[in-house]
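Undergrad: Below: one structure in structure tokens.
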Amino acid sequence: MSVNEAANALQQLKQRIAEYDYHYYVLDDPLVSDAEYDGLYRALVQLETAYPALITPDSPSQRVGGQALGAFDSVQHRQAMLSLNNAFADEELEAFDRRVREGLGEAEVIYAVEPKFDGLAITLTYEHGLFVQGATRGDGYTGENVTHNLNTIRAIPARLPLEHPPALLEVRGEVLMLKKDFEKLNQQQAAAGAKLFANPRNAAAGSLRQLDPNITARRPLHFFAYGLGASEGAPEIHSHAAAMHYLADLRFPVSALRAVKQGVAGLRDYYAEIGAKRSQLPFDIDGVVYKVNQFEQQQILGFVSRAPRWAVAHKFPAEEAITVVEDITVQVGRTGAITPVARLKPVFVGGVTVTNATLHNEDELRRKDIHIGDTVVVRRAGDVIPEVVSAKPELRPANARAFVMPTLCPECGSHVVRGQDEAVARCTGGLICPAQRKQAITHFASRRAMDIEGLGEKLVDQLVACNLVQHLDDVYRLSTDQLSGLERMAEKSAQNVVDAIEASKQATLPRFIYALGIRNVGEATAKDLAQHFGSLEALIGADIQALLLVNDVGPVVAEAVYQFFQENHNREVIAAMRALGVQWPDIVKKVQGILQGKTLVLTGTLPTLKRDEAQAMIEAAGGKVSGSVSAKTSYVVAGAEAGSKLEKAQLLNIPILDEAGLLALLQPEEALAVTHGIEAAVVTITPESPSQQPDLF
DNA sequence: GGGCCTCGAGATCA
DNA sequence: CTCGAGGCCC
């Protein structure tokens with residue numbers, strides 16, 4: 001056989017196998033017997049062994065195994081993979097539909113609907129028709145490259161069945177494990193004496209996080225596509241339903257349960273319909289998803305913070321189970337908050353075993369009237385934290401005891417007080433309290449704060465128990481001698497921790513502020529404060545008035561920050577840390593974007609800029625892009641075929657710009673710099689998250 | 001909150 | 001072999 005003949009034969013084999021795979025894995029309707037399939041596959045491998053040069057990445061043989069990875073690479077998403085807002089109650093669904101109708105000015109809206117798979121969201125990238133990369137959702141902007149594992153999933157096409165595939169196509173979807181495959185896998189695990197997986201979702205998640213694709217290849221993973229991401233050279237698509245149709249044509253598995261519904265009544269019907277079928281479905285779902293069908297309408301609605309306004313996940317009610325409260329203990333939080341926690345007889349609910357559930361606070365506990373020994377209903381839905389719903393008083397045993405909020409902190413013996421209008425009781429011990437001290441230290445060392453690797457909970461417990469760390473600055477006084485000798489701390493580990501502590505001395509201002517653990521100051525507020533004041537000195541010197549000027553800082557946060565720095569002790573600890581070498585570069589304040597506080601509306605087609613490009617430029621300049629024209633709109637940017645929004649702008653006397661006008665508005669400094677020969681005084685500060693466009697589908 | 005994977009290193013046993 | 005820590009997912 002000549003190389004040419006071999007290449008042809010291989011081509012044919014690949015196509016036939018892809019065809020059979022499609023029928024087997026996607027349509028669930030096998031065309032040939034397993035024996036016949038295996039024969040074809042063996043023939044392919046034989047040919048490839050004889051002509052290794054002819055092996056291509058889309059060959060079925062490349063689906064099994066491959067090299068194990070050392071670690072996962074991270075991948076920047078071209079289009080952010082955002083999460084959806086949730087609706088549980090009917091009122092929330094109605095509110096969603098109302099907002100959509102008002103935003104669009106329509107009496108009734110057409111929605112594309114589909115089940116909400118309980119798996120892991122991923123994105124697949126096809127370049128010129130070839131599957132080249134797959135990644136997890138991650139934080140929505142950056143995910144993990146799991147191409148090697150996705151390669152092993154037969155339901156994912158290795159090549160798009162198109163003669164002229166688009167240069168780029170991103171497919172969004174969910175990896176999951178079918179219920180029957182999950183059962184089978186767990187039987188195998190049991191037979192092998194291995195640990196059982198708790199539920200299909202976790203089995204799928206675990207499989208996808210394998211470094212070795214050979215293991216993943218033996219896990220029966222499935223995939224459903226539910227949307228498109230970025231694309232180049234793909235046909236123009238105007239609705240979600242059309243996108244799904246396109247994906248089905250490309251032989252992606254898409255849910256047969258998808259539908260198009262009209263108005264909120266249609267949504268309700270669909271919810272009931274799928275809810276009734278839920279237990280019979282071959283896979284787990286945790287609700288249904290509604291998306292405004294027309295892309296044009298989606299675009300008008302836009303996004304609120306991190307979620308689209310044009311879609312919502314309607315979740316099924318949380319699964320409930322019955323168990324017994326064996327004890328109620330209290331936890332002392334970082335801020336001294338005393339939280340009662342129910343210790344439950346372990347119960348399997350919502351796919352996991354629940355043993356603890358927070359009871360939030362005393363009032364909550366009284367309202368639900370939960371005693372130790374009570375039989376209770378617990379609830380858990382997806383990522384919702386387990387909760388005790390109610391007690392069954394009729395089943396209360398004679399020896400049941402009521403919970404008594406301690407008057408003294410169980411950790412340090414300080415008084416527990418509850419402010420007049422406050423729901424939470426607090427330990428007044430402050431850092432005297434070992435519980436608070438431990439959490440302050442753990443928080444200080446955590447990844448998003450000072451990022452001291454190796455300084456975890458167990459080690460901190462020991463450090464506090466031995467009194468090696470009383471205040472945060474003591475962390476910077478730790479030596480290998482002091483550390484080694486502690487539990488699970490031999491020389492090597494001790495050295496690693498000391499090295500990590502040393503490395504953390506090179507900090508940044510926002511991280512340091514966050515690490516201090518000031519009440520009500522989270523990561524975002526810490527950034528705002530750092531940005532606004534530029535240096536720690538300025539922040540320490542700020543009075544309430546000055547603090548109130550910071551973005552998103554209100555009276556509560558201002559008071560907390562002010563009080564924190566009023567405390568001599570806190571200033572001393574900070575000074576001590578700096579004396580021990582903790583440092584950070586001061587921040588050069590960002591020049592306010594030219595469009596700070598302005599809201600713009602885009603309409604029509606601009607001559608050179610794409611809509612999302614224009615939006616990115618406006619946002620980079622501090623402006624907001626809104627979908628609809630109102631009195632608050634600062635400018636309307638109108639292109640060709642601008643419609644009703646332009647009319648409304650004229651009506652409201654809102655300034656209207658064309659593309660050139662927008663560009664001129666965005667670059668006055670540049671114009672100045674050129675005409676007057678001065679340097680533009682713009683200092684850029686590396687943004688934490690890349691400015692990316694949200695998912696438009 | 002709970003479950004999963006991975007890694008390094010300490011603990012244990014032959 | 002086991003534990004602690006870190007990371008990631010919902």
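Letters A, B, ... mark the chains of the structure tokens in the order given; residue numbers begin at 1 per chain; ligand numbers begin at 1, in order shown.
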Name all residues at most 12 Å from DT2 in chain C (count only C-alpha atoms (C1' of nucleotides); drop same-chain ones fewer than 2 positions away) and give them as a list of chain:residue names.
TA: A:Arg488, B:DA9, B:DG10, B:DA11, B:DT12, C:DG4
Undergrad: Got a sec to pull out which chain C residues are within 7 Å of chain A, counting only C-alpha atoms (C1' of nucleotides), and send them as a PyMOL selection string?
TA: chain C and resi 5+9-10
Undergrad: Between CA of Arg218 in chain A and CA of Lys184 in chain A, what is the distance, to one decimal in Å?
TA: 11.7 Å
Undergrad: Select all residues from chain A having any atom no more than 12 Å from an atom of chain B (counting only C-alpha atoms (C1' of nucleotides), ignoring ligands), output as a PyMOL selection string.
TA: chain A and resi 69-72+195-212+348-358+380-387+454+484-494+496
Undergrad: Report the residues of range 25-253 of chain A whose backbone DSSP state falls under helix (DSSP H, G or I), written as a count of residues only.
TA: 82
